[in-house]
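> After the structure tokens below, expect a handful of questions from me.
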Amino acid sequence: MKRSRRSFLAKAGTGAAAAAFGPWVLRGYAAEPVNIGALYPSTGSMAQIGQACVAAAKLAVEMVNSAGGIKSLGGAKLNLVLSDVQSDTTVTRTETERLISGNKLSAIHGCYASALTLIASEVCERAKVAIITGSSSDQLNKGRRFTFTPFARASQFAKAQLQMARLVGDKPKAAVIFENTAFGTATSNGLKELAPGEGVEIVMFEPYSAGFTDAGPLINKVKASGANALFSVSYLNDLILIVRTVKQVGLNVAINGGSGGFVVPDFYKNVGKLADGLLGVAHWNHDVSPDAQKVNAEYKKRTGDFIFEYAGGLVAQTFMLADALERAASPDPEKVRDALATLDVSKGYAAMAPGGRVKFGPDGKNIYGHPVGVQWQGGDLASVFPKEDARAPLLKT
Amino acid sequence: MVEIVAQAVINGLLIGGIYALVSIGVTLIFGVVKIVNFAQGEFVMLGMYLSYFLATRLGVDPIVSLVVTMPVLFVAGVLIQHFLIRRVLGQNDLPQIFLTFALSLLIVNVSLMAFTANYRTVHTAYSDEALHFAGLYVPVAKLIAFAVAMALSGVLWAFLQATDLGKAMRAASQNREVAQLMGINPNRVFAVALGIALALAGAAGSLLMPFYSAYPMVGQVFVLMAFVAVVLGTLGNVVGALIASLLMGVAESLGIQFIGADSGLIVVFMLLLATLALRPRGLAAGVQR
Amino acid sequence: MAIPVRLGVAAAGTIVAAVLPLVVKSPFALDVLIRILLFAFIGTAWNLLGGYAKQFSLGHAAFFGLGAYTSTLLQIDLNVSPWIGMLAGGVVAAIASLPIGWLCFRLRGPYFTIATIATAQVLMLVFLKLRDFAWGAEGTTIPNLGNAPLMMQFEGKAAYYYVTLGLLVVALGITAWIERSRIGYYLVALGEEQDAAEAIGINVPQVKRRIFMISAFLTAMAGTFYVQYIYFIDPQTVFNFSVSIEAALVSIVGGVGLLFGPLVGAVLLETTSALLQSQLGSIAGVQLTVYSLILMAVILWRPTGILGYVGELVARRRAKRPER
């Protein structure tokens, strides 16, 4: 009897205490940080880009957290869990797995290069954790439930590039050279398919192995092909060589540097004035909206460079994840995935994208996603195409 | 069409000159010391980085920095011979192959840690210049590299033919025991051979900087070319290596032009395999040295 | 080692190995174990050619890749199970080893090695170009079938562990059998002194051909497994030089020409690599730097490898013990 009364009192006591302290106890529990995984190539051949992405990822998380974190989870802060994928496919596979199995992740973003993202997304699909990415390969939208791509796809880049070629010449005869991994092949195939429809004749279509150290033979072929426009789908180092060699050979072609290596500050640093006037495409640019300009200003303060395409895009992605977490009110990855699938934003940092709206279709593509045409002007990258997205006039060269 | 072929040949010859510097080193080591230096390409890479740092820290033009890279790498060669190579001479294949192979791995990966994988370039006044004539163009930097490479090869050849040490090296390469009986100190000869070979590799590195990018793995492309040239030109034959290198540069260039931009290496390997199939001892086999 | 002792060690080892996944649950640890077994397997295959016959190939990635592509093509194009694909890949590699061997065996010593490197490179370049037939440089992922044992896809790592264990046991068994067979004696003879072996009537080219085929067959099986394990194939991954390097390294460090040499080498190298990665994170270049230092140390001071050195110690102690 005594015992039961004591235990009853104990239970009642605890109940009363819980009632009195409940809200505080509950909030303390829910304010556990939410883990977001970030996979980028901080070492290896894409190291410079990877490091810029990591800086942007950290900035984005700080921005979300200083704005109050995830309110529906009691102000829970985002916790960035970084991993270096070393610009290597096997490492990507193991690191993605290690990240997921070693941490309770709610979502992941990464990996810049399409070749690496394809693998990470495979792992994410099997582990049932959502991955959001700016990588452009169209393969990322095939047969996957957990991959989300808020920005333009490779096939869209191609169309924009072709349309821009018509801006500088009437009957463009284009030579297409591209690095032979996922990024290059996806975009260049888009160019090949859409060219006739856009009134562009392709006179040369040539894959090359990324990382060559001599662009001479390649540019030789371009010259021999009689092209007056050159589409190069390349990463940074190759693009630098290509642009310099074109000048060296004295070849008069309108270069469209595509995306990839073209849109990074290092391109201008290495090529200097040769870059001014060159056209390219990007899935994001720092002048796409006032919000983007704000992010750019902050990033520039920290790193000294303007925030480049992929890095800026991933800041928006972080806010998209925050929005999903807000609506899911749970760190559970499957719930986050479902919340992402129903994302529909048109203002705020999450909507920093060409066109200003993000909404995912059933295949993970943003139905409003489209690229912007960009041009180097005086050391800075300006959006010049299409009209709705142009923030500066097109420089004639 | 003639123009296109001519341009490809010019491009190929110019780069073939650089291949020659690397392959002459390999064949010299093989001829004299009788081992294959798998790490030869890495010394080209080190030469590139040395020139890069001299250029960016002290403003020394890469071509001028030859006067630094060559002696530094010569000394490196002597040290490597003394501390490493000497210990595996006379043993069977495994240590000899895998020692220089391990050295190659070591140098590449320490460089990766020290320098990171970022490409380093040096931009000189003449990096983007080219001579134009008859519709063809010759990049100035490559032309200078070719000229210096040929000059160095000529100096080496004269050294081997005319000086006592050079003759001692040729003797040791032809018959080590007899050379020893004649009073030639093999270790001294080997050290010089290593030193010269590495100095040539370093020279190649310096000459490359105005128009190439340095990164830790860059040596591996060159060493593969060098090996093919050495086999093609007959093992141990310096002139053979030179001619084979030029041939290979041209073959690679023509391959890129007419087959595909990513097929340069395939053409070179096909050359190697064809040589193995048809004339495994190389083009100069049976020809007097 | 005397045969009963060997069998005893092998049996004890197999039992311990078979029970391990029941105790070890961490995916990271299982991954390390799988890598140990996989590279011990590839190393054992390499050892047949490199350790016994002393033909040092640095191009075994060629067979690894051929196996990987054969089984993946069969799986994706014709829905053939990778179990069958594994054997098919072995056959393809064995057949490929004939022309490759014909070309490469024309050279001796280090030039044979270079020729093998060139072969693997050529294959990589070829597959980089085969866009319509084999996905080219982009590669492909294998379809996500969840838990599908008949298609060599499993949930959880334990099953993959058992597959590699099985492969290793098979390779060790084949090696042990060859060691004691006539071809084993021929191998060692031609490895020691090729011209002498020929002089006493051994058909050296034929022996080389045969051992090359077996070595290629086994290596190809590892390629199939690897694709099933990492869900992905592309030329740069499966024809990668590092595969060839590791195949040779585990054998040299552990002890060339010794049955358990590659296994010992794999244990050392893979655990070192895992330790490095967990302590230092993924810093590019660290792993291979350590590997190369280990290799150099072995070559300069213990060229018979760890197991070889242990064997020498044991022999020395036995020699000191007086006859009873």
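Every chain in the structure tokens takes a letter, A first, then B, and so on in the order presented; its residues are numbered from 1, and the ligands are numbered from 1 following the presented order.
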Select, as a PyMOL selection string, those residues of chain B with any atom no more than 10 Å from chain A (distances computed using only C-alpha atoms).
chain B and resi 1+3-4+7-8+11-12+15+112-113+116-123+126-132+136-140+211-215+218+221+252-258+260-264
> Could you please take those selected residues and save N, CA and C atoms as a compact mmCIF listing (two decimals), in the first residue's frame?

# COMPACT_ATOMS: atom_id res chain seq x y z
N MET B 1 44.61 21.08 -97.72
CA MET B 1 44.92 19.78 -97.08
C MET B 1 46.40 19.70 -96.73
N GLU B 3 48.30 22.09 -96.20
CA GLU B 3 48.51 23.03 -95.09
C GLU B 3 48.22 22.35 -93.76
N ILE B 4 47.11 21.61 -93.73
CA ILE B 4 46.71 20.96 -92.48
C ILE B 4 47.76 19.94 -92.06
N GLN B 7 50.93 21.71 -90.91
CA GLN B 7 50.79 22.28 -89.57
C GLN B 7 50.87 21.19 -88.52
N ALA B 8 50.21 20.06 -88.78
CA ALA B 8 50.25 18.96 -87.81
C ALA B 8 51.67 18.45 -87.65
N ASN B 11 53.62 20.95 -85.52
CA ASN B 11 53.25 20.78 -84.11
C ASN B 11 53.90 19.54 -83.51
N GLY B 12 53.85 18.45 -84.29
CA GLY B 12 54.37 17.19 -83.79
C GLY B 12 55.88 17.22 -83.58
N ILE B 15 56.81 19.27 -80.36
CA ILE B 15 56.63 18.58 -79.08
C ILE B 15 57.52 17.35 -79.02
N LEU B 112 51.78 15.98 -54.74
CA LEU B 112 50.34 16.23 -54.62
C LEU B 112 50.02 16.85 -53.27
N MET B 113 50.67 16.35 -52.24
CA MET B 113 50.42 16.91 -50.92
C MET B 113 51.03 18.31 -50.79
N THR B 116 49.49 20.61 -54.14
CA THR B 116 48.07 20.40 -54.51
C THR B 116 47.95 20.14 -56.01
N ALA B 117 46.77 19.72 -56.42
CA ALA B 117 46.59 19.32 -57.81
C ALA B 117 46.32 20.49 -58.74
N ASN B 118 46.30 21.71 -58.20
CA ASN B 118 45.99 22.85 -59.07
C ASN B 118 47.05 23.01 -60.16
N TYR B 119 46.57 23.34 -61.35
CA TYR B 119 47.49 23.56 -62.45
C TYR B 119 48.25 24.86 -62.24
N ARG B 120 49.57 24.81 -62.49
CA ARG B 120 50.35 26.04 -62.37
C ARG B 120 50.82 26.44 -63.74
N THR B 121 50.67 27.69 -64.06
CA THR B 121 51.17 28.15 -65.36
C THR B 121 52.06 29.35 -65.17
N VAL B 122 52.96 29.52 -66.13
CA VAL B 122 53.79 30.71 -66.17
C VAL B 122 53.50 31.40 -67.49
N HIS B 123 53.15 32.65 -67.42
CA HIS B 123 52.80 33.37 -68.64
C HIS B 123 53.94 34.32 -68.98
N TYR B 126 56.29 35.76 -74.48
CA TYR B 126 56.21 35.05 -75.75
C TYR B 126 55.30 33.82 -75.68
N SER B 127 54.61 33.63 -74.53
CA SER B 127 53.77 32.43 -74.37
C SER B 127 52.71 32.32 -75.44
N ASP B 128 52.09 33.44 -75.83
CA ASP B 128 50.99 33.37 -76.79
C ASP B 128 51.41 33.80 -78.18
N GLU B 129 52.71 34.07 -78.37
CA GLU B 129 53.15 34.56 -79.69
C GLU B 129 53.42 33.41 -80.62
N ALA B 130 53.25 33.71 -81.90
CA ALA B 130 53.57 32.69 -82.90
C ALA B 130 54.11 33.36 -84.14
N LEU B 131 54.98 32.64 -84.85
CA LEU B 131 55.45 33.12 -86.15
C LEU B 131 54.48 32.66 -87.21
N HIS B 132 54.11 33.55 -88.09
CA HIS B 132 53.16 33.18 -89.14
C HIS B 132 53.84 33.25 -90.50
N LEU B 136 50.88 28.98 -92.21
CA LEU B 136 51.17 28.12 -91.06
C LEU B 136 51.59 28.99 -89.89
N TYR B 137 51.53 28.41 -88.71
CA TYR B 137 52.01 29.18 -87.56
C TYR B 137 52.90 28.30 -86.70
N VAL B 138 53.92 28.93 -86.14
CA VAL B 138 54.83 28.21 -85.26
C VAL B 138 54.87 28.96 -83.93
N PRO B 139 54.34 28.33 -82.86
CA PRO B 139 54.38 29.02 -81.57
C PRO B 139 55.82 29.26 -81.14
N VAL B 140 56.09 30.48 -80.72
CA VAL B 140 57.47 30.86 -80.39
C VAL B 140 58.02 30.04 -79.24
N PHE B 211 54.56 27.10 -72.04
CA PHE B 211 53.33 26.75 -72.76
C PHE B 211 52.59 25.56 -72.18
N TYR B 212 53.06 25.00 -71.09
CA TYR B 212 52.38 23.86 -70.49
C TYR B 212 51.94 24.23 -69.08
N SER B 213 51.13 23.38 -68.48
CA SER B 213 50.76 23.58 -67.08
C SER B 213 51.44 22.52 -66.25
N ALA B 214 51.90 22.92 -65.08
CA ALA B 214 52.51 21.95 -64.17
C ALA B 214 51.47 21.45 -63.18
N TYR B 215 51.45 20.16 -63.02
CA TYR B 215 50.64 19.56 -61.96
C TYR B 215 51.28 18.22 -61.65
N VAL B 218 51.76 15.34 -64.24
CA VAL B 218 52.09 15.67 -65.62
C VAL B 218 53.22 14.80 -66.18
N VAL B 221 52.48 11.35 -68.41
CA VAL B 221 52.24 11.36 -69.85
C VAL B 221 53.56 11.30 -70.59
N GLU B 252 51.52 11.34 -83.17
CA GLU B 252 50.47 11.76 -82.23
C GLU B 252 49.68 12.93 -82.80
N SER B 253 50.42 13.89 -83.36
CA SER B 253 49.78 15.08 -83.89
C SER B 253 48.88 14.73 -85.07
N LEU B 254 49.37 13.87 -85.96
CA LEU B 254 48.54 13.47 -87.10
C LEU B 254 47.32 12.69 -86.62
N GLY B 255 47.51 11.89 -85.59
CA GLY B 255 46.39 11.14 -85.04
C GLY B 255 45.31 12.07 -84.51
N ILE B 256 45.74 13.08 -83.78
CA ILE B 256 44.76 14.02 -83.24
C ILE B 256 44.04 14.73 -84.36
N GLN B 257 44.79 15.06 -85.41
CA GLN B 257 44.21 15.81 -86.51
C GLN B 257 43.21 14.98 -87.29
N PHE B 258 43.60 13.73 -87.62
CA PHE B 258 42.77 12.97 -88.56
C PHE B 258 41.91 11.90 -87.93
N GLY B 260 41.03 11.76 -84.16
CA GLY B 260 40.17 12.35 -83.13
C GLY B 260 41.02 13.00 -82.08
N ALA B 261 40.48 14.06 -81.48
CA ALA B 261 41.27 14.83 -80.52
C ALA B 261 41.64 14.02 -79.30
N ASP B 262 40.92 12.94 -79.05
CA ASP B 262 41.26 12.15 -77.87
C ASP B 262 42.00 10.88 -78.24
N SER B 263 42.57 10.85 -79.45
CA SER B 263 43.19 9.60 -79.87
C SER B 263 44.70 9.68 -80.01
N GLY B 264 45.29 10.77 -79.56
CA GLY B 264 46.74 10.90 -79.68
C GLY B 264 47.46 9.76 -79.02
> Could you give me, as CSV, every chain C residue with an atom at most 9 Å from chain B, plus its closest atom pair and distance in Å to one decimal, counting only C-alpha atoms, rows ordered by chain then number?

residue,atom,partner,partner_atom,distance
C:Lys54,CA,B:Leu94,CA,7.8
C:Phe56,CA,B:Leu94,CA,7.4
C:Trp102,CA,B:Ala277,CA,8.5
C:Leu103,CA,B:Ala277,CA,6.1
C:Cys104,CA,B:Leu276,CA,7.6
C:Arg106,CA,B:Leu276,CA,6.8
C:Leu107,CA,B:Pro280,CA,7.4
C:Gly109,CA,B:Asp93,CA,6.1
C:Pro110,CA,B:Ile97,CA,5.9
C:Tyr111,CA,B:Val36,CA,8.1
C:Thr113,CA,B:Ile97,CA,8.3
C:Ile114,CA,B:Phe227,CA,7.5
C:Ala115,CA,B:Leu273,CA,8.1
C:Ile117,CA,B:Leu224,CA,9.0
C:Ala118,CA,B:Phe269,CA,6.6
C:Thr119,CA,B:Phe269,CA,8.0
C:Gln121,CA,B:Ile266,CA,8.5
C:Val122,CA,B:Ile266,CA,6.1
C:Leu125,CA,B:Ile266,CA,6.8
C:Val126,CA,B:Ile266,CA,8.0
C:Lys129,CA,B:Asp262,CA,8.5
C:Ile252,CA,B:Leu94,CA,8.7
C:Ile283,CA,B:Met113,CA,7.5
C:Ala284,CA,B:Met113,CA,6.5
C:Gly285,CA,B:Asn109,CA,4.4
C:Val286,CA,B:Asn109,CA,6.8
C:Gln287,CA,B:Asn109,CA,8.4
C:Leu288,CA,B:Asn109,CA,6.2
C:Thr289,CA,B:Leu106,CA,5.1
C:Val290,CA,B:Leu106,CA,8.0
C:Tyr291,CA,B:Leu106,CA,8.2
C:Ser292,CA,B:Ala102,CA,4.9
C:Leu293,CA,B:Leu106,CA,6.9
C:Ile294,CA,B:Ala102,CA,8.9
C:Leu295,CA,B:Ala102,CA,6.3
C:Met296,CA,B:Ala102,CA,6.0
C:Ile299,CA,B:Pro95,CA,5.6
C:Leu300,CA,B:Arg87,CA,7.2
C:Pro303,CA,B:Pro95,CA,7.1
> Nearest to chain C: which of A:Pro172, A:Pro33, A:Gly50, A:Gly143 is it, counting only C-alpha atoms?
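Among A:Pro172, A:Pro33, A:Gly50, A:Gly143, it is A:Gly143 that comes nearest to chain C.
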> Extract the full set of strand (DSSP E or B) residues from range 182-308 of chain A according to DSSP on the backbone, and format it as a list in words.
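Residues of range 182-308 of chain A classed as strand (DSSP E or B): Glu201, Ile202, Val203, Met204, Phe205, Glu206, Pro207, Tyr208, Ala229, Leu230, Phe231, Ser232, Val233, Ala254, Ile255, Asn256, Leu279, Gly280, Val281 and Ala282 of chain A.
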> Could you list the residues in chain A lying within 9 Å of chain C, using only C-alpha atoms, and format the result as a PDB file with N, CA and C atoms, in the first residue's frame?

ATOM      1  N   THR A  43      39.728  18.632 -53.046  1.00  0.00           N
ATOM      2  CA  THR A  43      41.093  18.362 -53.498  1.00  0.00           C
ATOM      3  C   THR A  43      40.983  17.692 -54.862  1.00  0.00           C
ATOM      4  N   GLY A  44      42.104  17.523 -55.498  1.00  0.00           N
ATOM      5  CA  GLY A  44      42.057  16.915 -56.821  1.00  0.00           C
ATOM      6  C   GLY A  44      41.935  17.970 -57.895  1.00  0.00           C
ATOM      7  N   SER A  83      32.175  16.773 -46.732  1.00  0.00           N
ATOM      8  CA  SER A  83      33.057  15.687 -47.119  1.00  0.00           C
ATOM      9  C   SER A  83      33.732  16.020 -48.438  1.00  0.00           C
ATOM     10  N   ASP A  84      34.979  15.663 -48.541  1.00  0.00           N
ATOM     11  CA  ASP A  84      35.757  15.931 -49.749  1.00  0.00           C
ATOM     12  C   ASP A  84      35.712  14.703 -50.648  1.00  0.00           C
ATOM     13  N   VAL A  85      35.216  14.871 -51.869  1.00  0.00           N
ATOM     14  CA  VAL A  85      35.152  13.721 -52.758  1.00  0.00           C
ATOM     15  C   VAL A  85      36.326  13.649 -53.710  1.00  0.00           C
ATOM     16  N   GLN A  86      37.307  14.525 -53.505  1.00  0.00           N
ATOM     17  CA  GLN A  86      38.592  14.377 -54.192  1.00  0.00           C
ATOM     18  C   GLN A  86      38.513  14.316 -55.694  1.00  0.00           C
ATOM     19  N   ASP A  88      37.098  12.374 -57.490  1.00  0.00           N
ATOM     20  CA  ASP A  88      37.275  10.969 -57.866  1.00  0.00           C
ATOM     21  C   ASP A  88      35.959  10.208 -57.672  1.00  0.00           C
ATOM     22  N   THR A  89      35.630   9.358 -58.668  1.00  0.00           N
ATOM     23  CA  THR A  89      34.331   8.691 -58.611  1.00  0.00           C
ATOM     24  C   THR A  89      34.237   7.664 -57.489  1.00  0.00           C
ATOM     25  N   THR A  90      35.278   6.868 -57.301  1.00  0.00           N
ATOM     26  CA  THR A  90      35.201   5.843 -56.256  1.00  0.00           C
ATOM     27  C   THR A  90      35.134   6.491 -54.880  1.00  0.00           C
ATOM     28  N   VAL A  91      35.914   7.548 -54.709  1.00  0.00           N
ATOM     29  CA  VAL A  91      35.895   8.229 -53.420  1.00  0.00           C
ATOM     30  C   VAL A  91      34.508   8.805 -53.162  1.00  0.00           C
ATOM     31  N   ARG A  93      31.700   7.650 -54.115  1.00  0.00           N
ATOM     32  CA  ARG A  93      30.820   6.565 -53.678  1.00  0.00           C
ATOM     33  C   ARG A  93      31.026   6.265 -52.204  1.00  0.00           C
ATOM     34  N   THR A  94      32.285   6.065 -51.788  1.00  0.00           N
ATOM     35  CA  THR A  94      32.521   5.682 -50.395  1.00  0.00           C
ATOM     36  C   THR A  94      32.225   6.823 -49.445  1.00  0.00           C
ATOM     37  N   ARG A  98      29.689   6.859 -46.403  1.00  0.00           N
ATOM     38  CA  ARG A  98      30.222   7.071 -45.067  1.00  0.00           C
ATOM     39  C   ARG A  98      29.478   8.206 -44.386  1.00  0.00           C
ATOM     40  N   SER A 101      25.933   6.928 -43.455  1.00  0.00           N
ATOM     41  CA  SER A 101      25.864   5.945 -42.375  1.00  0.00           C
ATOM     42  C   SER A 101      26.444   6.470 -41.090  1.00  0.00           C
ATOM     43  N   GLY A 102      27.316   7.490 -41.183  1.00  0.00           N
ATOM     44  CA  GLY A 102      27.946   7.980 -39.963  1.00  0.00           C
ATOM     45  C   GLY A 102      27.215   9.137 -39.309  1.00  0.00           C
ATOM     46  N   ALA A 115      29.587  13.964 -63.248  1.00  0.00           N
ATOM     47  CA  ALA A 115      30.068  12.580 -63.114  1.00  0.00           C
ATOM     48  C   ALA A 115      30.043  12.138 -61.661  1.00  0.00           C
ATOM     49  N   LEU A 118      26.255  11.969 -60.217  1.00  0.00           N
ATOM     50  CA  LEU A 118      25.508  10.779 -60.631  1.00  0.00           C
ATOM     51  C   LEU A 118      25.719   9.646 -59.639  1.00  0.00           C
ATOM     52  N   ILE A 119      26.957   9.482 -59.204  1.00  0.00           N
ATOM     53  CA  ILE A 119      27.229   8.398 -58.263  1.00  0.00           C
ATOM     54  C   ILE A 119      26.629   8.686 -56.904  1.00  0.00           C
ATOM     55  N   GLU A 122      23.062   7.949 -56.844  1.00  0.00           N
ATOM     56  CA  GLU A 122      22.764   6.512 -56.768  1.00  0.00           C
ATOM     57  C   GLU A 122      22.733   6.050 -55.319  1.00  0.00           C
ATOM     58  N   VAL A 123      23.767   6.471 -54.588  1.00  0.00           N
ATOM     59  CA  VAL A 123      23.856   6.062 -53.192  1.00  0.00           C
ATOM     60  C   VAL A 123      22.693   6.640 -52.401  1.00  0.00           C
ATOM     61  N   GLU A 125      19.771   7.477 -53.477  1.00  0.00           N
ATOM     62  CA  GLU A 125      18.537   6.806 -53.855  1.00  0.00           C
ATOM     63  C   GLU A 125      18.360   5.528 -53.040  1.00  0.00           C
ATOM     64  N   ARG A 126      19.462   4.766 -52.912  1.00  0.00           N
ATOM     65  CA  ARG A 126      19.351   3.514 -52.169  1.00  0.00           C
ATOM     66  C   ARG A 126      19.221   3.741 -50.676  1.00  0.00           C
ATOM     67  N   ASN A 180      35.222  14.814 -72.417  1.00  0.00           N
ATOM     68  CA  ASN A 180      34.457  13.599 -72.701  1.00  0.00           C
ATOM     69  C   ASN A 180      33.855  12.896 -71.488  1.00  0.00           C
ATOM     70  N   THR A 181      33.598  13.630 -70.377  1.00  0.00           N
ATOM     71  CA  THR A 181      32.853  12.955 -69.305  1.00  0.00           C
ATOM     72  C   THR A 181      31.403  13.441 -69.332  1.00  0.00           C
ATOM     73  N   ALA A 182      30.660  13.118 -68.281  1.00  0.00           N
ATOM     74  CA  ALA A 182      29.213  13.358 -68.280  1.00  0.00           C
ATOM     75  C   ALA A 182      28.842  14.792 -68.644  1.00  0.00           C
ATOM     76  N   PHE A 183      29.554  15.749 -68.066  1.00  0.00           N
ATOM     77  CA  PHE A 183      29.219  17.157 -68.311  1.00  0.00           C
ATOM     78  C   PHE A 183      29.326  17.492 -69.788  1.00  0.00           C
ATOM     79  N   THR A 185      29.656  15.524 -72.527  1.00  0.00           N
ATOM     80  CA  THR A 185      28.876  14.756 -73.488  1.00  0.00           C
ATOM     81  C   THR A 185      27.408  15.145 -73.423  1.00  0.00           C
TER      82      THR A 185
END
> Rounded to one decimal, what separation in Å do you get between CA of Gly272 in chain A and CA of Ile307 in chain A?
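Calculated distance between CA of Gly272 in chain A and CA of Ile307 in chain A is 18.1 Å.
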> Can you tell me, as a compact mmCIF listing (two decimals) with N, CA and C atoms, in the first residue's frame, what residues are no more than 10 Å from Gly254 in chain C when counting only C-alpha atoms, ignoring any on the same chain fewer than 6 positions away?

# COMPACT_ATOMS: atom_id res chain seq x y z
N ALA C 40 43.37 -8.98 -51.69
CA ALA C 40 44.10 -10.23 -51.50
C ALA C 40 43.80 -11.16 -52.67
N GLY C 43 45.50 -9.78 -55.76
CA GLY C 43 46.92 -10.00 -55.58
C GLY C 43 47.31 -11.45 -55.79
N PHE C 260 50.35 -17.27 -49.23
CA PHE C 260 49.59 -16.30 -48.44
C PHE C 260 50.17 -14.89 -48.52
N GLY C 261 51.20 -14.74 -49.36
CA GLY C 261 51.84 -13.43 -49.48
C GLY C 261 50.86 -12.31 -49.74
N PRO C 262 50.07 -12.40 -50.84
CA PRO C 262 49.15 -11.32 -51.15
C PRO C 262 48.16 -11.03 -50.01
N LEU C 263 47.73 -12.07 -49.32
CA LEU C 263 46.77 -11.84 -48.23
C LEU C 263 47.42 -11.00 -47.13
N VAL C 264 48.63 -11.40 -46.76
CA VAL C 264 49.34 -10.63 -45.73
C VAL C 264 49.54 -9.19 -46.19
N GLY C 265 49.96 -9.04 -47.44
CA GLY C 265 50.17 -7.69 -47.98
C GLY C 265 48.90 -6.88 -47.98
N ALA C 266 47.80 -7.53 -48.36
CA ALA C 266 46.53 -6.81 -48.41
C ALA C 266 46.10 -6.35 -47.02
N VAL C 267 46.27 -7.23 -46.04
CA VAL C 267 45.91 -6.84 -44.68
C VAL C 267 46.70 -5.60 -44.27
N LEU C 268 48.01 -5.64 -44.52
CA LEU C 268 48.83 -4.49 -44.11
C LEU C 268 48.42 -3.22 -44.85
N LEU C 269 48.37 -3.31 -46.17
CA LEU C 269 48.14 -2.09 -46.96
C LEU C 269 46.75 -1.52 -46.78
N VAL C 298 60.43 -2.28 -48.28
CA VAL C 298 60.46 -3.71 -48.54
C VAL C 298 61.55 -4.05 -49.56
N PRO C 303 63.39 -7.77 -49.44
CA PRO C 303 62.83 -8.01 -50.77
C PRO C 303 61.96 -9.26 -50.86
N THR C 304 62.05 -10.17 -49.89
CA THR C 304 61.17 -11.34 -49.97
C THR C 304 59.82 -11.07 -49.34
N GLY C 305 59.60 -9.84 -48.91
CA GLY C 305 58.29 -9.50 -48.36
C GLY C 305 58.17 -9.91 -46.89
N ILE C 306 57.05 -9.55 -46.30
CA ILE C 306 56.86 -9.83 -44.88
C ILE C 306 56.87 -11.32 -44.61
N LEU C 307 56.07 -12.03 -45.38
CA LEU C 307 55.98 -13.47 -45.17
C LEU C 307 57.30 -14.15 -45.48
N GLY C 308 57.97 -13.63 -46.52
CA GLY C 308 59.26 -14.21 -46.87
C GLY C 308 60.25 -14.03 -45.74
N TYR C 309 60.22 -12.86 -45.14
CA TYR C 309 61.13 -12.60 -44.03
C TYR C 309 60.81 -13.50 -42.85
> Quick one: residues within 12 Å of Lys104 in chain A, only C-alpha atoms counted, chain neighbours fewer than 5 positions away excluded, as a PDB file with C-alpha atoms, in the first residue's frame?

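Dumped to selection18.pdb:
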ATOM      1  CA  GLU A  32      18.721  19.589 -31.841  1.00  0.00           C
ATOM      2  CA  PRO A  33      20.570  20.678 -34.960  1.00  0.00           C
ATOM      3  CA  VAL A  34      19.571  19.309 -38.333  1.00  0.00           C
ATOM      4  CA  ASN A  35      22.384  17.652 -40.273  1.00  0.00           C
ATOM      5  CA  ILE A  36      22.875  18.605 -43.913  1.00  0.00           C
ATOM      6  CA  GLY A  37      25.540  16.723 -45.826  1.00  0.00           C
ATOM      7  CA  ASN A  79      24.631  21.687 -39.101  1.00  0.00           C
ATOM      8  CA  LEU A  80      26.816  21.307 -42.163  1.00  0.00           C
ATOM      9  CA  VAL A  81      28.586  17.953 -42.457  1.00  0.00           C
ATOM     10  CA  GLU A  97      28.008   6.206 -47.967  1.00  0.00           C
ATOM     11  CA  ARG A  98      30.222   7.071 -45.067  1.00  0.00           C
ATOM     12  CA  LEU A  99      28.515  10.416 -44.617  1.00  0.00           C
ATOM     13  CA  ALA A 127      19.800   5.106 -48.770  1.00  0.00           C
ATOM     14  CA  LYS A 128      16.593   7.108 -49.229  1.00  0.00           C
ATOM     15  CA  VAL A 129      18.114  10.491 -48.482  1.00  0.00           C
ATOM     16  CA  PRO A 331      14.408  16.060 -39.717  1.00  0.00           C
ATOM     17  CA  ASP A 332      13.384  12.680 -41.099  1.00  0.00           C
ATOM     18  CA  PRO A 333      14.908  12.357 -44.582  1.00  0.00           C
TER      19      PRO A 333
END
> As a ChimeraX atom specification, list the residues of range 182-212 of chain C assigned to helix (DSSP H, G or I) by DSSP on the backbone atoms of this structure.
/C:182-192,194-199,204-212
> Set the distance at 9 Å and use only C-alpha atoms: which residues neighbour range 13-18 of chain C once local chain neighbours fewer than 3 positions away are removed? I'd like the list as an mmCIF file with C-alpha atoms, in the first residue's frame.

data_model
loop_
_atom_site.group_PDB
_atom_site.id
_atom_site.type_symbol
_atom_site.label_atom_id
_atom_site.label_comp_id
_atom_site.auth_asym_id
_atom_site.auth_seq_id
_atom_site.Cartn_x
_atom_site.Cartn_y
_atom_site.Cartn_z
ATOM 1 C CA GLY C 8 45.486 -26.121 -40.472
ATOM 2 C CA VAL C 9 46.210 -22.436 -40.817
ATOM 3 C CA ALA C 10 43.928 -22.204 -43.804
ATOM 4 C CA PRO C 21 30.704 -10.482 -40.014
ATOM 5 C CA LEU C 22 28.592 -11.826 -37.184
ATOM 6 C CA TYR C 162 31.141 -13.519 -48.099
ATOM 7 C CA LEU C 165 35.826 -14.433 -49.084
ATOM 8 C CA VAL C 169 39.382 -19.110 -51.029
#
